[in-house]
Amino acid sequence: MANGHTHQTDVVIIGAGPVGLFTVFECGMVRLNCHVIDVLDDAGGQCTALYPEKPIYDIPGFPRIEAAELIVRLKAQASPFRPVYHLGQQVQALEPLTGGFWRITTSKGTVLQAKAVIVAAGVGAFGPNRPPLAGIEAYEGKSIFYYVTQRETFRGRKVVIAGGGDTAVDWALSLAEVASRVTVVHRRDRFRAAPESEARLKALAQAGKLDLVVPYQLHGLEGTGGHLNSVVVSTLDGATRKIAADVLLPFFGLSMSLGPIADWGLALERNQIEIDPSTSATSKAGIFGVGDVVTYPGKLKLILTGFAEAAIAARSAYALIHPETPLHFEYSTTSGVPDA
């Protein structure tokens with residue numbers, strides 16, 4: 001950890017999510033030193049802040065791994081290269097200097113200089129899309145939650161989940177194992193989730209192990225002192241019903257913003273940074289992009305795609321920083337981990 005000082009390094013990585021952490025490793029493999037900046041107080045991005053207990057199934061070599069465990073392993077993988085983390089601070093300014101350097105200034109006054117900047121900001125600054133329910137603020141943090149960080153918090157409780165995407169369906173499947181009752185409210189019978197997950201959800205409903213309330217949408221809240229007694233739902237025709245509830249989990253996605261990144265003059269498409277996938281280069285020399293924050297034709301928003309982009313960005317950064325020394329490509333089985 002570091003803050004409040006001026007630092008010089010090879011690469012500044014903006015974002016300490018899973019792709020940002022793997023970028024540290026890939027830069028280390030080509031002997032580039034890294035400093036990492038993230039607005040959150042801990043590394044891991046959404047994996048840590050939003051769903052640490054959520055299982056991930058498409059990480060190579062791990063048939064199933066919880067998000068928090070993935071972050072622990074990625075940090076351990078990066079640790080031999082001694083990255084310096086500047087957490088709990090946002091990049092406020094990015095300015096070009098002579099000699100091909102960039103100067104980065106954060107909200108805590110930390111100043112860094114580097115020839116390469118790799119933006120791994122994920123979805124950028126994020127927050128929940130809140131349902132427009134009267135008086136909802138009184139319940140937030142007490143009986144209405146937009147993220148699940150510990151499944152055990154909901155053991156033995158009556159949980160209403162609103163939404164029809166992967167997050168809503170995945171948590172319904174998981175919480176059905178610990179909650180006294182799970183009710184899923186969605187405005188249509190079809191869900192925007194993985195087909196196998198939707199099939200499991202409907203199978204549990206048919207077996208009486210959870211309730212599907214469709215086609216309904218959230219209408220109102222009833223309770224006292226910030227603690228819910230019931231959730232009122234309605235059809236599109238206005239017919240209402242009440243669902244007994246201790247907890248409401250509205251999963252309507254995230255509102256996302258690039259924040260100051262949007263003002264850096266980078267080529268953007270629909271609030272994402274355009275890159276050349278062959279180099280991970282943005283429209284500005286010395287600035288690269290990886291992970292969900294970037295776009296290009298055929299882009300897949302997967303962690304493993306970001307991992308591949310990290311490897312490309314690290315080698316492109318090396319070519320920029322050491323143009324006089326061509327990089328000889330080696331497999332890790334041959335090179336091992338430098339200085340480890």
# chains A, B, ... in the order shown; residues from 1 in each chain; ligands from 1
>>> residues_around(residues="Ser107 of chain A", least_positions_apart="5", cutoff="6 Å", atoms="only C-alpha atoms", output="list in words")
Gln89, Gln90 and Gln92 of chain A
>>> select_by_dssp(residues="segment 157-235 of chain A", states="strand (DSSP E or B)", output="number ranges by chain")
A: 158-162, 165, 181-185, 192, 211-213, 217-224, 227-234
>>> residues_around(residues="segment 148-158 of chain A", least_positions_apart="3", cutoff="7 Å", atoms="only C-alpha atoms", output="list in words")
Leu50, Tyr51, Pro52, Glu53, Leu175, Val178, Ala179, Ser180, Arg181, Val182, Ala245, Asp246 and Val247 of chain A
>>> write_last_selection(atoms="N, CA, C and O atoms", output="PDB file, in the first residue's frame")
ATOM      1  N   LEU A  50     -19.131  -7.158  -4.794  1.00  0.00           N
ATOM      2  CA  LEU A  50     -20.516  -7.489  -5.099  1.00  0.00           C
ATOM      3  C   LEU A  50     -20.885  -8.938  -4.833  1.00  0.00           C
ATOM      4  O   LEU A  50     -21.983  -9.225  -4.364  1.00  0.00           O
ATOM      5  N   TYR A  51     -20.013  -9.878  -5.179  1.00  0.00           N
ATOM      6  CA  TYR A  51     -20.424 -11.285  -5.059  1.00  0.00           C
ATOM      7  C   TYR A  51     -19.258 -12.209  -4.690  1.00  0.00           C
ATOM      8  O   TYR A  51     -18.928 -13.138  -5.422  1.00  0.00           O
ATOM      9  N   PRO A  52     -18.630 -11.980  -3.538  1.00  0.00           N
ATOM     10  CA  PRO A  52     -17.469 -12.808  -3.174  1.00  0.00           C
ATOM     11  C   PRO A  52     -17.784 -14.298  -3.048  1.00  0.00           C
ATOM     12  O   PRO A  52     -16.907 -15.129  -3.258  1.00  0.00           O
ATOM     13  N   GLU A  53     -19.029 -14.655  -2.702  1.00  0.00           N
ATOM     14  CA  GLU A  53     -19.373 -16.065  -2.538  1.00  0.00           C
ATOM     15  C   GLU A  53     -19.995 -16.676  -3.789  1.00  0.00           C
ATOM     16  O   GLU A  53     -20.370 -17.843  -3.795  1.00  0.00           O
ATOM     17  N   LEU A 175     -29.661 -19.305  -2.538  1.00  0.00           N
ATOM     18  CA  LEU A 175     -30.327 -18.981  -1.271  1.00  0.00           C
ATOM     19  C   LEU A 175     -31.458 -19.940  -0.953  1.00  0.00           C
ATOM     20  O   LEU A 175     -31.853 -20.063   0.213  1.00  0.00           O
ATOM     21  N   VAL A 178     -30.620 -22.130   1.944  1.00  0.00           N
ATOM     22  CA  VAL A 178     -30.456 -21.651   3.324  1.00  0.00           C
ATOM     23  C   VAL A 178     -31.627 -20.821   3.833  1.00  0.00           C
ATOM     24  O   VAL A 178     -31.870 -20.756   5.039  1.00  0.00           O
ATOM     25  N   ALA A 179     -32.347 -20.145   2.946  1.00  0.00           N
ATOM     26  CA  ALA A 179     -33.460 -19.292   3.373  1.00  0.00           C
ATOM     27  C   ALA A 179     -34.657 -20.149   3.761  1.00  0.00           C
ATOM     28  O   ALA A 179     -34.801 -21.293   3.306  1.00  0.00           O
ATOM     29  N   SER A 180     -35.539 -19.582   4.602  1.00  0.00           N
ATOM     30  CA  SER A 180     -36.754 -20.321   4.933  1.00  0.00           C
ATOM     31  C   SER A 180     -37.688 -20.389   3.727  1.00  0.00           C
ATOM     32  O   SER A 180     -38.419 -21.366   3.538  1.00  0.00           O
ATOM     33  N   ARG A 181     -37.659 -19.335   2.903  1.00  0.00           N
ATOM     34  CA  ARG A 181     -38.419 -19.341   1.654  1.00  0.00           C
ATOM     35  C   ARG A 181     -37.833 -18.320   0.714  1.00  0.00           C
ATOM     36  O   ARG A 181     -37.437 -17.225   1.123  1.00  0.00           O
ATOM     37  N   VAL A 182     -37.750 -18.670  -0.558  1.00  0.00           N
ATOM     38  CA  VAL A 182     -37.289 -17.756  -1.596  1.00  0.00           C
ATOM     39  C   VAL A 182     -38.426 -17.564  -2.597  1.00  0.00           C
ATOM     40  O   VAL A 182     -39.013 -18.534  -3.069  1.00  0.00           O
ATOM     41  N   ALA A 245     -42.191 -11.098   3.588  1.00  0.00           N
ATOM     42  CA  ALA A 245     -40.753 -10.956   3.314  1.00  0.00           C
ATOM     43  C   ALA A 245     -40.016 -10.370   4.499  1.00  0.00           C
ATOM     44  O   ALA A 245     -40.506  -9.460   5.165  1.00  0.00           O
ATOM     45  N   ASP A 246     -38.844 -10.917   4.760  1.00  0.00           N
ATOM     46  CA  ASP A 246     -37.891 -10.304   5.684  1.00  0.00           C
ATOM     47  C   ASP A 246     -36.860  -9.485   4.928  1.00  0.00           C
ATOM     48  O   ASP A 246     -36.293  -8.523   5.463  1.00  0.00           O
ATOM     49  N   VAL A 247     -36.603  -9.899   3.671  1.00  0.00           N
ATOM     50  CA  VAL A 247     -35.532  -9.298   2.879  1.00  0.00           C
ATOM     51  C   VAL A 247     -36.004  -9.163   1.438  1.00  0.00           C
ATOM     52  O   VAL A 247     -36.667 -10.058   0.910  1.00  0.00           O
TER      53      VAL A 247
END
>>> closest_residue(among="A:Ala120, A:Tyr147, A:Gln113, A:Val72", to="Asp38 of chain A", atoms="only C-alpha atoms")
A:Ala120
>>> residues_around(residues="segment 24-30 of chain A", least_positions_apart="4", cutoff="9 Å", atoms="only C-alpha atoms", output="JSON, numbers by chain")
{"A": [11, 13, 19, 20, 34, 35, 36, 74, 75, 77, 78, 79, 80, 81, 82, 83, 307, 310, 311, 312, 313, 314, 315, 317, 318, 327, 332, 335, 336, 337, 338]}
>>> residues_around(residues="Pro250 of chain A", least_positions_apart="5", cutoff="12 Å", atoms="only C-alpha atoms", output="MDAnalysis selection string")
chainID A and resid 128:133 136 140 143:148 159:165 167:169 171:172 183:186 217:218 231
>>> residues_around(residues="Glu274 of chain A", least_positions_apart="6", cutoff="12 Å", atoms="only C-alpha atoms", output="NGL selection string")
:A and (119 or 262 or 265-268 or 280-284 or 287-297 or 299)
>>> residues_around(residues="segment 45-47 of chain A", least_positions_apart="4", cutoff="8 Å", atoms="only C-alpha atoms", output="compact mmCIF listing (two decimals) with N, CA, C and O atoms, in the first residue's frame")
# COMPACT_ATOMS: atom_id res chain seq x y z
N GLY A 15 -7.25 -0.17 -12.00
CA GLY A 15 -8.24 -1.20 -11.76
C GLY A 15 -7.59 -2.44 -11.18
O GLY A 15 -6.66 -3.00 -11.75
N ALA A 16 -8.09 -2.87 -10.00
CA ALA A 16 -7.51 -4.02 -9.31
C ALA A 16 -8.49 -5.18 -9.24
O ALA A 16 -8.51 -5.94 -8.28
N GLY A 17 -9.33 -5.30 -10.27
CA GLY A 17 -10.19 -6.46 -10.39
C GLY A 17 -9.41 -7.67 -10.86
O GLY A 17 -8.17 -7.63 -10.94
N PRO A 18 -10.07 -8.76 -11.20
CA PRO A 18 -9.33 -9.97 -11.61
C PRO A 18 -8.44 -9.75 -12.82
O PRO A 18 -7.31 -10.25 -12.85
N LEU A 40 -11.83 1.24 -4.99
CA LEU A 40 -12.31 0.45 -3.86
C LEU A 40 -11.20 0.28 -2.83
O LEU A 40 -10.01 0.43 -3.13
N TYR A 51 -20.01 -9.88 -5.18
CA TYR A 51 -20.42 -11.28 -5.06
C TYR A 51 -19.26 -12.21 -4.69
O TYR A 51 -18.93 -13.14 -5.42
N PRO A 52 -18.63 -11.98 -3.54
CA PRO A 52 -17.47 -12.81 -3.17
C PRO A 52 -17.78 -14.30 -3.05
O PRO A 52 -16.91 -15.13 -3.26
N ALA A 67 -15.78 -16.35 -6.25
CA ALA A 67 -15.14 -15.12 -6.71
C ALA A 67 -14.04 -14.66 -5.76
O ALA A 67 -12.96 -14.26 -6.20
N ALA A 68 -14.31 -14.72 -4.45
CA ALA A 68 -13.29 -14.27 -3.49
C ALA A 68 -12.04 -15.14 -3.54
O ALA A 68 -10.92 -14.64 -3.42
N ILE A 71 -9.82 -14.19 -6.43
CA ILE A 71 -9.02 -12.99 -6.15
C ILE A 71 -7.82 -13.33 -5.27
O ILE A 71 -6.71 -12.85 -5.49
N GLY A 122 -12.74 -2.43 -15.53
CA GLY A 122 -13.98 -3.20 -15.48
C GLY A 122 -15.13 -2.42 -16.06
O GLY A 122 -15.05 -1.91 -17.18
>>> closest_residue(among="A:Ala138, A:Ala244, A:Ala199, A:Val111", to="His227 of chain A", atoms="only C-alpha atoms")
A:Ala138
>>> select_by_dssp(residues="segment 176-339 of chain A", states="helix (DSSP H, G or I)", output="PyMOL selection string")
chain A and resi 195-206+259-263+291-293+303-321+332-335
>>> atom_distance(atom1="atom CA of Ala49 of chain A", atom2="atom CA of Pro63 of chain A")
22.6 Å
>>> decode(residues="segment 195-260 of chain A", atoms="C-alpha atoms", output="PDB file, in the first residue's frame")
ATOM      1  CA  PRO A 195     -30.644 -21.838 -19.978  1.00  0.00           C
ATOM      2  CA  GLU A 196     -29.492 -24.531 -17.560  1.00  0.00           C
ATOM      3  CA  SER A 197     -29.879 -22.145 -14.618  1.00  0.00           C
ATOM      4  CA  GLU A 198     -33.382 -21.173 -15.718  1.00  0.00           C
ATOM      5  CA  ALA A 199     -34.266 -24.846 -16.040  1.00  0.00           C
ATOM      6  CA  ARG A 200     -33.015 -25.522 -12.497  1.00  0.00           C
ATOM      7  CA  LEU A 201     -34.992 -22.551 -11.172  1.00  0.00           C
ATOM      8  CA  LYS A 202     -38.239 -23.768 -12.717  1.00  0.00           C
ATOM      9  CA  ALA A 203     -37.580 -27.320 -11.560  1.00  0.00           C
ATOM     10  CA  LEU A 204     -37.221 -26.090  -7.958  1.00  0.00           C
ATOM     11  CA  ALA A 205     -40.450 -24.128  -8.330  1.00  0.00           C
ATOM     12  CA  GLN A 206     -42.293 -27.179  -9.646  1.00  0.00           C
ATOM     13  CA  ALA A 207     -40.943 -29.176  -6.699  1.00  0.00           C
ATOM     14  CA  GLY A 208     -42.294 -26.540  -4.293  1.00  0.00           C
ATOM     15  CA  LYS A 209     -38.839 -25.512  -3.047  1.00  0.00           C
ATOM     16  CA  LEU A 210     -39.215 -21.872  -4.097  1.00  0.00           C
ATOM     17  CA  ASP A 211     -41.926 -19.620  -5.486  1.00  0.00           C
ATOM     18  CA  LEU A 212     -42.038 -17.980  -8.903  1.00  0.00           C
ATOM     19  CA  VAL A 213     -44.306 -14.929  -9.013  1.00  0.00           C
ATOM     20  CA  VAL A 214     -44.700 -14.091 -12.706  1.00  0.00           C
ATOM     21  CA  PRO A 215     -45.652 -11.935 -14.506  1.00  0.00           C
ATOM     22  CA  TYR A 216     -45.419  -9.412 -11.679  1.00  0.00           C
ATOM     23  CA  GLN A 217     -43.301  -6.400 -10.812  1.00  0.00           C
ATOM     24  CA  LEU A 218     -42.453  -4.545  -7.612  1.00  0.00           C
ATOM     25  CA  HIS A 219     -45.179  -2.149  -6.481  1.00  0.00           C
ATOM     26  CA  GLY A 220     -44.629  -1.223  -2.819  1.00  0.00           C
ATOM     27  CA  LEU A 221     -43.088  -1.994   0.559  1.00  0.00           C
ATOM     28  CA  GLU A 222     -44.637  -2.608   3.964  1.00  0.00           C
ATOM     29  CA  GLY A 223     -42.773  -2.634   7.266  1.00  0.00           C
ATOM     30  CA  THR A 224     -41.607  -0.532  10.185  1.00  0.00           C
ATOM     31  CA  GLY A 225     -38.295   0.871  11.329  1.00  0.00           C
ATOM     32  CA  GLY A 226     -36.544  -0.150   8.125  1.00  0.00           C
ATOM     33  CA  HIS A 227     -37.558  -3.788   8.524  1.00  0.00           C
ATOM     34  CA  LEU A 228     -39.817  -5.355   5.916  1.00  0.00           C
ATOM     35  CA  ASN A 229     -42.971  -7.291   6.641  1.00  0.00           C
ATOM     36  CA  SER A 230     -44.107  -7.757   3.062  1.00  0.00           C
ATOM     37  CA  VAL A 231     -43.449  -6.765  -0.521  1.00  0.00           C
ATOM     38  CA  VAL A 232     -46.373  -5.643  -2.673  1.00  0.00           C
ATOM     39  CA  VAL A 233     -46.234  -6.714  -6.322  1.00  0.00           C
ATOM     40  CA  SER A 234     -48.534  -5.978  -9.243  1.00  0.00           C
ATOM     41  CA  THR A 235     -49.371  -7.196 -12.704  1.00  0.00           C
ATOM     42  CA  LEU A 236     -49.199  -4.911 -15.721  1.00  0.00           C
ATOM     43  CA  ASP A 237     -52.990  -4.606 -15.398  1.00  0.00           C
ATOM     44  CA  GLY A 238     -52.658  -3.259 -11.855  1.00  0.00           C
ATOM     45  CA  ALA A 239     -53.768  -6.299  -9.855  1.00  0.00           C
ATOM     46  CA  THR A 240     -51.731  -6.493  -6.619  1.00  0.00           C
ATOM     47  CA  ARG A 241     -50.743  -9.118  -4.095  1.00  0.00           C
ATOM     48  CA  LYS A 242     -48.569  -9.207  -0.988  1.00  0.00           C
ATOM     49  CA  ILE A 243     -45.606 -11.494  -0.362  1.00  0.00           C
ATOM     50  CA  ALA A 244     -44.386 -12.019   3.188  1.00  0.00           C
ATOM     51  CA  ALA A 245     -40.753 -10.956   3.314  1.00  0.00           C
ATOM     52  CA  ASP A 246     -37.891 -10.304   5.684  1.00  0.00           C
ATOM     53  CA  VAL A 247     -35.532  -9.298   2.879  1.00  0.00           C
ATOM     54  CA  LEU A 248     -35.827  -7.874  -0.627  1.00  0.00           C
ATOM     55  CA  LEU A 249     -32.990  -8.322  -3.114  1.00  0.00           C
ATOM     56  CA  PRO A 250     -33.631  -6.173  -6.223  1.00  0.00           C
ATOM     57  CA  PHE A 251     -31.264  -7.348  -8.952  1.00  0.00           C
ATOM     58  CA  PHE A 252     -31.782  -4.932 -11.843  1.00  0.00           C
ATOM     59  CA  GLY A 253     -28.180  -4.611 -12.905  1.00  0.00           C
ATOM     60  CA  LEU A 254     -25.644  -1.871 -12.395  1.00  0.00           C
ATOM     61  CA  SER A 255     -25.534   1.733 -13.488  1.00  0.00           C
ATOM     62  CA  MET A 256     -22.058   2.234 -14.888  1.00  0.00           C
ATOM     63  CA  SER A 257     -19.917   5.285 -15.560  1.00  0.00           C
ATOM     64  CA  LEU A 258     -16.373   5.691 -16.817  1.00  0.00           C
ATOM     65  CA  GLY A 259     -15.961   8.673 -14.495  1.00  0.00           C
ATOM     66  CA  PRO A 260     -12.843  10.765 -15.262  1.00  0.00           C
TER      67      PRO A 260
END
